[in-house]
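Below is one structure, written out as structure tokens; comments come after it.
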Amino acid sequence: MTPRRKRLFAILGILAGVGIATAVALKAFDNNLQYFYDPSEVASGKAPSDKAIRVGGMVTKGSVARAPGSLEISFVITDFAKNVTVKYNGVLPDLFREGQGIIAHGQLKDGVFVADEVLAKHDEKYMPPEVAKSLKKQAPAPAPEGRT
Amino acid sequence: MLRYLTPAIAALALGALFWFALHRIGNGTLDVREIKSPLIGRAAPTFTLPLVMDPAQRFDSHSMAGKVYVVNVWGTWCPACREEHESLISLSRITGVPFVGIDWKDDNAEANRYLAQLGNPYQTVVADAEGRVAIDWGVYGAPETFLVSKDGKVLAKYAGALTEAVWAEKFAPLVSQQGGAP
Amino acid sequence: MIPELGTLAMVIALLLAAAQGFFGIAGAHWNRQSWMQAVGTAVTGVWVFVTFAFGILTYSFIVHDYSIAYVATNSNDELPLMYRIAAVWGAHEGSLLLWIEILSTWALLVAIFSKSLPVAFRARVLGVLGVIGVGFTSFTLLTSSPFLREIPAKLEGADLNPILQDPALAIHPPMLYMGYVGTSVAFAFAIAAMLSGRIDPSWSRWTRPWTVAAWMCLTVGIALGSWWAYYELGWGGWWFWDPVENASFMPWLASTALIHSLAVTEKRGLFKSWTLLLAIFAFSLSLVGTFLVRSGVLVSVHAFASDPQRGMFILGLLLFFIVGSLTLYAWRAPSLKMDGGFETVSRESFLLLNNALLFATALLILLGTLWPLFMDMFNLGKISVGPPYFNIVFLVPTLPLLVLMGVGMHAAWRRAALASRARMLWMIAGGAVLLALVITLGFYHSIGLPLTVVGFAGGLFVMGSALVDPVTRLRNRQPISRSALGMAVAHFGIGVFVIGISGVASYKIEKDVSMGPGDSTQIAGYTFNFKDTRTNVPGPNYVATQANVEITRDGAKVADLSTEKRQFKIQSMPMTHAGIAVAWNRDLFVALGDDLGANKWSMRLQYKPLVRYIWIGAVIVALGGLIAMMDRRYRAKVPVTEPATDAGAAGRVA
């Protein structure tokens with residue numbers, strides 16, 4: 001192969017790669033983007049039913065309900081304006097608790113969100129009091145200048 | 001030559017995207033966290049809580065009606081609160097906007113010692129020992145700072161340590177829209 | 001006093017790194033021998049002071065110096081010693097220090113092992129590493145110092161994030177960073193070559209072992225992270241396409257492409273500008289990864305605490321290095337002539353396709369990772385790009401890659417006479433398909449997913465094909481070069497890895513159940529008997545609720561597992577500790593969930609066939625890298641001319 005033809009070949013190869021890449025990306029994007037909705041959007045009917053979406057909000061105090069011994073759980077998430085009831089049948093993440101922000105993946109069915117996955121997000125930026133509880137135990141008197 | 005510049009140009013474009021993203025996160029117009037504060041533009045949650053200085057007395061947030069004010073959620077257990085404390089003091093002094101502090105899940109004696117030692121930026125500090133009011137405000141962690149309008153709506157929220165720069169960019173324009181400090 | 005010494009050491013290291021950068025680059029430019037001589041000393045100095053600072057932080061963790069804010073927020077009196085040491089890199093500030101420590105170590109190694117390189121070239125390489133050091137050291141000092149005091153000092157620390165208290169995770173960051181940061185060496189070689197305007201086969205020969213070393217660390221680091229996620233975080237998932245995982249995978253793809261492209265540049269003097277570009281990309285993607293993880297622009301479970309201020313600083317560094325190097329590239333690359341040609345069927349062609357596919361994969365993953373940010377930026381909605389997207393964009397390019405790999409290993413340079421090997425390759429392919437059918441239908445009694453047979457057959461084909469050369473040579477008592485052996489081993493590892501993925505993706509069983517003592521559940525022929533629970537089981541810094549599960553198969557006992565829900569005292573955060581029974585062909589996985597009342601617990605039971613081969617494969621791949629790295633021709637003083645190289649390939653200078 002002459003250098004010129006080889007260069008052509010190389011460029012064609014790269015173009016083919018990019019072309020395949022774009023085609024694959026467009027195809028894959030088509031059905032794999034999951035939109036996020038908050039409870040207000042769900043309540044106002046903006047969120048589609050029977051389509052894979054995500055909703056997120058704070059688990060309302062006292063809303064977590066399950067029959068004793070049953071895996072099925074239901075709870076209400078809120079954005080302090082509107083509420084959405086979430087049903088889930090499975091093991092909850094470690095950080096799930098009332099008052100915690102969670103994100104649920106699943107589908108909206110007749111106004112109830114049926115989740116197939118529940119994620120609790122843990123944000124390190126600013127801490128919930130439990131995390132920093134120990135920091136309360138400060139030095140009784142501030143050491144002068146605090147140098148060692 | 002131009003052909004060889006393509007990667008550099010692509011990198012610059014990517015850089016621009018990142019820059020805008022950071023800029024918007026910085027001034028609070030973009031929140032990548034998926035659960036955002038839905039309170040903006042809505043009525044601020046009302047509360048009645050005991051004062052940190054004197055738990056026998058209670059403070060009712062209705063008493064702030066007609067004023068622009070700041071609600072700052074903090075705790076002595078929170079390192080970032082300590083970080084922002086100096087800024088709070090100077091901001092409350094300079095701007096004249098009243099700061100209402102909500103001392104979240106904290107020990108009263110500890111809080112009093114903290115304020116005595118570091119200074120008190122607040123017009124009023126109330127104790128939310130059980131954290132119920134914080135839940136109403138949708139607080140995830142401390143510190144969080146809210147700006148409330150004269151008609152009792154939440155105008156803005158900032159999560160993390162407040163600085164003069166954040167105030168200037170995010171809160172100050174809203175305060176002047178409200179006709180300045182009361 | 002101690003932490004102030006740490007800061008001081010960092011400042012000195014910063015100055016020395018600046019000297020290293022200046023003497024290296026300027027010394028080579030103006031050809032000042034004494035300046036270039038000084039670079040090696042500067043490199044040693046930087047390493048000594050950075051290591052000193054690193055030692056001080058470690059010491060502060062060991063002795064519980066809570067007057068340092070970073071120690072107070074990431075350690076605790078009850079934290080075991082091993083995790084106190086690992087806590088040094090448990091959060092943003094300390095992990096940056098680790099980043100710098102590893103960078104200076106790489107630079108030191110380059111300085112030691114590159115004494116035989118031309119003086120000016122060596123000076124330039126070390127100079128570029130010095131400039132990178134200046135960038136990151138000043139970033140640490142200005143925005144993220146781990147040595148800041150917290151006054152008044154705390155009596156007790158806030159403890160390390162429980163998720164990070166795990167042996168695999170203790171070594172995962174150092175390994176991963178060695179890979180990440182190691183890409184800077186190839187980058188420095190590329191920049192040095194562009195500054196000097198010379199790229200010849202010896203350049204590739206010098207660059208290759210360093211690139212392979214970094215790539216090897218990256219491979220092990222990613223595998224460790226995946227293994228950790230599997231048993232600690234993920235409830236049995238081993239890869240989540242989380243932005244942070246992608247941030248480590250993209251540089252891996254780029255450096256894999258780079259290794260292959262370097263082979264062509266070394267042996268044939270081709271793809272020069274492309275190789276340079278890849279060296280820049282590999283490092284750039286590492287920097288982009290660092291940026292994404294630390295700036296807070298992406299939502300991830302692993303992301304560091306972050307703020308836009310820091311983000312701006314890293315963005316500045318990022319743009320300086322990436323745009324700077326790409327501009328230099330745009331200026332220099334046009335003068336790099338390609339010489340020598342090759343036929344359509346030749347090793348060059350295979351490697352070209354390999355590069356195109358790997359590069360396309362990396363780009364598609366980058367696109368998927370950044371797309372949510374892009375949508376959010378322009379208020380087009382909050383979206384997440386889920387694993388299905390990544391699975392597709394990963395599988396579509398990599399399945400053809402498997403076939404190319406299996407065939408391409410046997411292609412000769414310039415012009416491959418594959419016909420002579422065709423018979424054998426067809427036999428291996430036929431055997432692989434047959435074996436794949438036996439595995440799927442015979443052992444698992446199901447054809448699985450649409451790609452299951454393809455996956456098994458592809459993996460087996462690559463494994464078989466990789467063995468041909470070493471086995472033939474062994475039988476004929478011919479010697480095999482370490483680099484050829486390394487390639488065979490690494491490719492064999494890829495095959496093993498593919499088998500692991502195919503098995504676990506096709507035949508895994510996951511079941512969330514409600515169980516109480518005395519209950520049993522059956523999956524995949526295994527019976528999980530819930531024996532009992534114990535509460536308040538003490539650990540060093542947690543208390544746990546423990547559930548004991550006995551697994552039987554056809555009445556015979558297979559394993560006793562215990563799984564715990566640990567409540568960490570200080571961070572008051574629950575963590576699940578899974579019980580895993582390992583065998584050569586499968587994992588059985590039990591994780592305890594919540595107390596459901598009525599003496600029942602939620603439990604996640606899993607059957608994970610062949611899952612181990614994912615990590616075993618990755619280790620074999622890394623081992624292949626290690627073997628190839630030790631090839632004789634990299635041991636500098638013996639400049640071996642490759643017999644395969646013909647005159648035309650002795651790459652001319654641009």
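Scheme for the structure tokens: letters A, B, ... for chains in order shown; per-chain residue numbers from 1; ligand numbers from 1 in order shown.
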Quiz prompt | In range 15-135 of chain A, DSSP strand (DSSP E) residues written as a count of residues only | solution = 44
Quiz item: What residues in chain C have any atom no more than 6 Å from chain B when counting only C-alpha atoms, and can you write them as a ChimeraX atom specification?
Solution: /C:308,323,326-327,330
Self-check item: Residue hits in chain B, query chain A, radius 10 Å, only C-alpha atoms, as a PyMOL selection string
Solution: chain B and resi 33-39+42+45+74-81+104-107+110-111+117+131-132+134-144+159-161
Practice problem: Could you give me, as a list of chain:residue names, the residues within 10 Å of Lys109 in chain A, counting only C-alpha atoms and dropping anything in the same chain fewer than 6 positions from it? | Solution: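 Answer for this query is A:Pro48, A:Ser49, A:Asp50, A:Lys51.
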Just N, CA and C atoms for this one: save the residues we selected as a short mmCIF file (atom, residue, chain, number, x, y, z; two decimals), in the first residue's frame.
data_model
loop_
_atom_site.label_atom_id
_atom_site.label_comp_id
_atom_site.auth_asym_id
_atom_site.auth_seq_id
_atom_site.Cartn_x
_atom_site.Cartn_y
_atom_site.Cartn_z
N PRO A 48 -44.70 10.56 32.83
CA PRO A 48 -45.45 9.55 32.07
C PRO A 48 -45.69 8.29 32.90
N SER A 49 -46.80 7.65 32.62
CA SER A 49 -47.09 6.38 33.28
C SER A 49 -46.48 5.23 32.48
N ASP A 50 -46.24 4.14 33.14
CA ASP A 50 -45.79 2.89 32.50
C ASP A 50 -44.52 3.07 31.66
N LYS A 51 -43.66 3.98 32.10
CA LYS A 51 -42.40 4.16 31.40
C LYS A 51 -41.33 4.24 32.49
#
Practice problem: Report the residues of range 94-258 of chain C whose backbone DSSP state falls under helix (DSSP H, G or I), written as JSON, numbers by chain. | Solution: {"C": [94, 95, 96, 97, 98, 99, 100, 101, 102, 103, 104, 105, 106, 107, 108, 109, 110, 111, 112, 113, 119, 120, 121, 122, 123, 124, 125, 126, 127, 128, 129, 130, 131, 132, 133, 134, 135, 136, 137, 138, 139, 140, 141, 142, 143, 162, 163, 164, 167, 168, 169, 170, 171, 172, 173, 174, 175, 176, 177, 178, 179, 180, 181, 182, 183, 184, 185, 186, 187, 188, 189, 190, 191, 192, 193, 194, 195, 196, 201, 202, 203, 204, 205, 206, 207, 208, 209, 210, 211, 212, 213, 214, 215, 216, 217, 218, 219, 220, 221, 222, 223, 224, 225, 226, 227, 228, 229, 230, 231, 232, 233, 243, 244, 245, 246, 247, 248, 249, 250, 251, 252, 253, 254, 255, 256, 257, 258]}
Keeping C-alpha atoms, export the residues of the selection given above as a CSV table (one decimal), in the first residue's frame.
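Everything below was put into out16.csv:
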chain,number,residue,atom,x,y,z
C,94,GLY,CA,-5.2,13.3,51.7
C,95,SER,CA,-5.9,11.5,48.4
C,96,LEU,CA,-4.5,14.5,46.6
C,97,LEU,CA,-1.4,14.2,48.7
C,98,LEU,CA,-1.2,10.5,47.7
C,99,TRP,CA,-1.6,11.6,44.1
C,100,ILE,CA,1.4,13.8,44.4
C,101,GLU,CA,3.4,11.2,46.3
C,102,ILE,CA,2.8,8.7,43.5
C,103,LEU,CA,3.7,11.3,40.9
C,104,SER,CA,7.0,12.1,42.6
C,105,THR,CA,7.7,8.4,42.9
C,106,TRP,CA,7.1,7.8,39.2
C,107,ALA,CA,9.4,10.7,38.4
C,108,LEU,CA,12.0,9.3,40.7
C,109,LEU,CA,11.8,5.9,39.0
C,110,VAL,CA,12.1,7.5,35.6
C,111,ALA,CA,15.1,9.4,36.8
C,112,ILE,CA,16.7,6.2,38.1
C,113,PHE,CA,16.0,4.0,35.2
C,119,VAL,CA,20.6,13.8,28.4
C,120,ALA,CA,18.3,16.4,26.9
C,121,PHE,CA,15.5,14.0,26.3
C,122,ARG,CA,15.6,12.8,29.9
C,123,ALA,CA,15.7,16.3,31.2
C,124,ARG,CA,12.6,17.2,29.2
C,125,VAL,CA,10.7,14.2,30.4
C,126,LEU,CA,11.5,15.0,34.0
C,127,GLY,CA,10.8,18.6,33.4
C,128,VAL,CA,7.3,17.9,32.2
C,129,LEU,CA,6.7,15.7,35.2
C,130,GLY,CA,8.0,18.6,37.3
C,131,VAL,CA,5.4,21.0,35.8
C,132,ILE,CA,2.6,18.5,36.5
C,133,GLY,CA,3.9,18.3,40.1
C,134,VAL,CA,3.9,22.1,40.4
C,135,GLY,CA,0.2,22.2,39.3
C,136,PHE,CA,-1.0,19.6,41.7
C,137,THR,CA,1.2,20.6,44.6
C,138,SER,CA,0.0,24.2,44.4
C,139,PHE,CA,-3.6,23.0,44.1
C,140,THR,CA,-3.1,21.0,47.3
C,141,LEU,CA,-1.5,23.9,49.2
C,142,LEU,CA,-3.9,26.6,48.0
C,143,THR,CA,-7.3,24.8,48.2
C,162,PRO,CA,-17.6,3.0,57.1
C,163,ILE,CA,-17.8,2.2,53.4
C,164,LEU,CA,-14.1,2.8,53.2
C,167,PRO,CA,-9.0,-4.2,53.1
C,168,ALA,CA,-9.5,-4.1,49.4
C,169,LEU,CA,-10.4,-0.4,49.5
C,170,ALA,CA,-7.4,0.4,51.6
C,171,ILE,CA,-5.1,-0.6,48.7
C,172,HIS,CA,-7.5,0.2,45.8
C,173,PRO,CA,-6.8,4.0,45.7
C,174,PRO,CA,-3.0,3.7,45.7
C,175,MET,CA,-3.1,1.1,42.9
C,176,LEU,CA,-5.6,3.1,40.9
C,177,TYR,CA,-3.6,6.3,41.4
C,178,MET,CA,-0.4,4.6,40.3
C,179,GLY,CA,-2.2,3.8,37.1
C,180,TYR,CA,-3.9,7.2,36.7
C,181,VAL,CA,-0.7,9.1,37.6
C,182,GLY,CA,1.4,6.7,35.6
C,183,THR,CA,-0.2,7.9,32.4
C,184,SER,CA,1.7,11.1,33.1
C,185,VAL,CA,4.9,9.4,32.3
C,186,ALA,CA,3.8,8.4,28.8
C,187,PHE,CA,2.5,12.0,28.5
C,188,ALA,CA,5.8,13.4,29.5
C,189,PHE,CA,7.6,11.2,27.0
C,190,ALA,CA,5.2,12.5,24.3
C,191,ILE,CA,5.7,16.1,25.2
C,192,ALA,CA,9.4,15.7,25.4
C,193,ALA,CA,9.4,14.1,21.9
C,194,MET,CA,7.3,16.9,20.5
C,195,LEU,CA,9.5,19.5,22.1
C,196,SER,CA,12.6,17.9,20.6
C,201,PRO,CA,11.7,3.6,17.2
C,202,SER,CA,13.9,4.1,20.3
C,203,TRP,CA,11.4,6.7,21.6
C,204,SER,CA,8.7,4.1,21.5
C,205,ARG,CA,11.0,1.6,23.0
C,206,TRP,CA,11.7,3.9,25.9
C,207,THR,CA,8.0,4.8,26.3
C,208,ARG,CA,6.5,1.3,26.2
C,209,PRO,CA,7.6,-0.2,29.5
C,210,TRP,CA,6.4,2.9,31.4
C,211,THR,CA,3.1,2.9,29.6
C,212,VAL,CA,2.7,-0.8,30.3
C,213,ALA,CA,3.6,-0.4,33.9
C,214,ALA,CA,1.0,2.4,34.4
C,215,TRP,CA,-1.6,0.4,32.5
C,216,MET,CA,-0.9,-2.7,34.6
C,217,CYS,CA,-1.5,-0.7,37.8
C,218,LEU,CA,-4.7,0.8,36.4
C,219,THR,CA,-5.9,-2.7,35.5
C,220,VAL,CA,-5.3,-4.0,39.0
C,221,GLY,CA,-6.7,-0.9,40.6
C,222,ILE,CA,-9.9,-1.1,38.6
C,223,ALA,CA,-10.2,-4.8,39.3
C,224,LEU,CA,-9.8,-4.2,43.0
C,225,GLY,CA,-12.4,-1.4,43.0
C,226,SER,CA,-14.8,-3.7,41.2
C,227,TRP,CA,-14.2,-6.6,43.6
C,228,TRP,CA,-14.7,-4.2,46.6
C,229,ALA,CA,-17.9,-2.9,45.1
C,230,TYR,CA,-19.1,-6.5,44.6
C,231,TYR,CA,-18.9,-7.5,48.2
C,232,GLU,CA,-19.1,-4.2,50.1
C,233,LEU,CA,-21.2,-1.7,48.3
C,243,PRO,CA,-19.3,8.2,36.7
C,244,VAL,CA,-16.4,7.5,39.0
C,245,GLU,CA,-16.0,4.0,37.6
C,246,ASN,CA,-16.1,5.4,34.1
C,247,ALA,CA,-13.5,8.0,35.1
C,248,SER,CA,-11.1,5.1,35.7
C,249,PHE,CA,-12.2,3.0,32.7
C,250,MET,CA,-11.7,5.7,30.1
C,251,PRO,CA,-8.0,6.2,30.7
C,252,TRP,CA,-7.7,2.4,30.8
C,253,LEU,CA,-9.2,2.1,27.3
C,254,ALA,CA,-7.0,4.9,26.1
C,255,SER,CA,-3.8,3.4,27.5
C,256,THR,CA,-4.7,0.0,26.1
C,257,ALA,CA,-5.0,1.7,22.7
C,258,LEU,CA,-1.7,3.4,23.4
Quiz prompt | Proximity to chain C - best of A:Val84, A:Val76, A:Leu71, A:Leu8, only C-alpha atoms | solution = A:Leu71
Self-check item: Who sits within 7 Å of Ala52 in chain A, only C-alpha atoms, same chain under 2 positions skipped, as a PyMOL selection string
Solution: chain A and resi 34+50+106-107
Selected residues, C-alpha atoms, written as a short mmCIF file (atom, residue, chain, number, x, y, z; two decimals), in the first residue's frame, please.
data_model
loop_
_atom_site.label_atom_id
_atom_site.label_comp_id
_atom_site.auth_asym_id
_atom_site.auth_seq_id
_atom_site.Cartn_x
_atom_site.Cartn_y
_atom_site.Cartn_z
CA GLN A 34 -34.19 7.87 32.32
CA ASP A 50 -45.79 2.89 32.50
CA GLY A 106 -39.39 2.27 38.40
CA GLN A 107 -42.68 3.02 36.75
#
Exercise. Find the residues near Arg553 in chain C: any atom within 12 Å, counting only C-alpha atoms, skip ones fewer than 2 places away on the same chain, and give them as a list of chain:residue names.
Key: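 Contacts, with the query itself left out: C:Thr521, C:Gln522, C:Ile523, C:Ala524, C:Gly525, C:Tyr526, C:Thr527, C:Phe528, C:Asn529, C:Glu550, C:Ile551, C:Gly555, C:Ala556, C:Lys557, C:Val558, C:Ala559, C:Leu588.
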Write the residues of the preceding selection, restricted to N, CA and C atoms, as a PDB file, in the first residue's frame.
ATOM      1  N   THR C 521     -34.958 -21.281  51.477  1.00  0.00           N
ATOM      2  CA  THR C 521     -35.301 -20.871  50.117  1.00  0.00           C
ATOM      3  C   THR C 521     -34.348 -21.594  49.183  1.00  0.00           C
ATOM      4  N   GLN C 522     -34.829 -21.924  48.016  1.00  0.00           N
ATOM      5  CA  GLN C 522     -33.974 -22.636  47.077  1.00  0.00           C
ATOM      6  C   GLN C 522     -33.700 -21.778  45.846  1.00  0.00           C
ATOM      7  N   ILE C 523     -32.442 -21.621  45.489  1.00  0.00           N
ATOM      8  CA  ILE C 523     -32.120 -21.060  44.177  1.00  0.00           C
ATOM      9  C   ILE C 523     -30.985 -21.858  43.549  1.00  0.00           C
ATOM     10  N   ALA C 524     -31.101 -22.048  42.255  1.00  0.00           N
ATOM     11  CA  ALA C 524     -30.089 -22.745  41.459  1.00  0.00           C
ATOM     12  C   ALA C 524     -29.669 -24.070  42.076  1.00  0.00           C
ATOM     13  N   GLY C 525     -30.592 -24.756  42.682  1.00  0.00           N
ATOM     14  CA  GLY C 525     -30.274 -26.063  43.248  1.00  0.00           C
ATOM     15  C   GLY C 525     -29.662 -26.016  44.629  1.00  0.00           C
ATOM     16  N   TYR C 526     -29.408 -24.827  45.133  1.00  0.00           N
ATOM     17  CA  TYR C 526     -28.856 -24.678  46.466  1.00  0.00           C
ATOM     18  C   TYR C 526     -29.976 -24.310  47.425  1.00  0.00           C
ATOM     19  N   THR C 527     -29.953 -24.898  48.613  1.00  0.00           N
ATOM     20  CA  THR C 527     -30.959 -24.546  49.613  1.00  0.00           C
ATOM     21  C   THR C 527     -30.316 -23.649  50.669  1.00  0.00           C
ATOM     22  N   PHE C 528     -30.881 -22.494  50.868  1.00  0.00           N
ATOM     23  CA  PHE C 528     -30.397 -21.549  51.867  1.00  0.00           C
ATOM     24  C   PHE C 528     -31.267 -21.711  53.113  1.00  0.00           C
ATOM     25  N   ASN C 529     -30.683 -22.240  54.187  1.00  0.00           N
ATOM     26  CA  ASN C 529     -31.427 -22.402  55.435  1.00  0.00           C
ATOM     27  C   ASN C 529     -31.047 -21.294  56.406  1.00  0.00           C
ATOM     28  N   GLU C 550     -27.123 -21.532  56.514  1.00  0.00           N
ATOM     29  CA  GLU C 550     -26.433 -22.746  56.076  1.00  0.00           C
ATOM     30  C   GLU C 550     -26.908 -23.069  54.664  1.00  0.00           C
ATOM     31  N   ILE C 551     -25.968 -23.402  53.810  1.00  0.00           N
ATOM     32  CA  ILE C 551     -26.341 -23.715  52.436  1.00  0.00           C
ATOM     33  C   ILE C 551     -26.106 -25.193  52.185  1.00  0.00           C
ATOM     34  N   GLY C 555     -28.979 -32.195  50.038  1.00  0.00           N
ATOM     35  CA  GLY C 555     -28.831 -32.684  51.404  1.00  0.00           C
ATOM     36  C   GLY C 555     -27.435 -32.548  51.979  1.00  0.00           C
ATOM     37  N   ALA C 556     -26.431 -32.327  51.129  1.00  0.00           N
ATOM     38  CA  ALA C 556     -25.061 -32.200  51.638  1.00  0.00           C
ATOM     39  C   ALA C 556     -24.752 -30.736  51.918  1.00  0.00           C
ATOM     40  N   LYS C 557     -24.001 -30.512  52.992  1.00  0.00           N
ATOM     41  CA  LYS C 557     -23.693 -29.134  53.358  1.00  0.00           C
ATOM     42  C   LYS C 557     -22.674 -28.543  52.383  1.00  0.00           C
ATOM     43  N   VAL C 558     -22.936 -27.318  51.943  1.00  0.00           N
ATOM     44  CA  VAL C 558     -22.013 -26.640  51.035  1.00  0.00           C
ATOM     45  C   VAL C 558     -21.204 -25.602  51.797  1.00  0.00           C
ATOM     46  N   ALA C 559     -21.877 -24.815  52.612  1.00  0.00           N
ATOM     47  CA  ALA C 559     -21.169 -23.753  53.327  1.00  0.00           C
ATOM     48  C   ALA C 559     -22.019 -23.218  54.458  1.00  0.00           C
ATOM     49  N   LEU C 588     -21.824 -17.998  46.082  1.00  0.00           N
ATOM     50  CA  LEU C 588     -23.143 -17.892  46.684  1.00  0.00           C
ATOM     51  C   LEU C 588     -23.074 -16.725  47.649  1.00  0.00           C
TER      52      LEU C 588
END
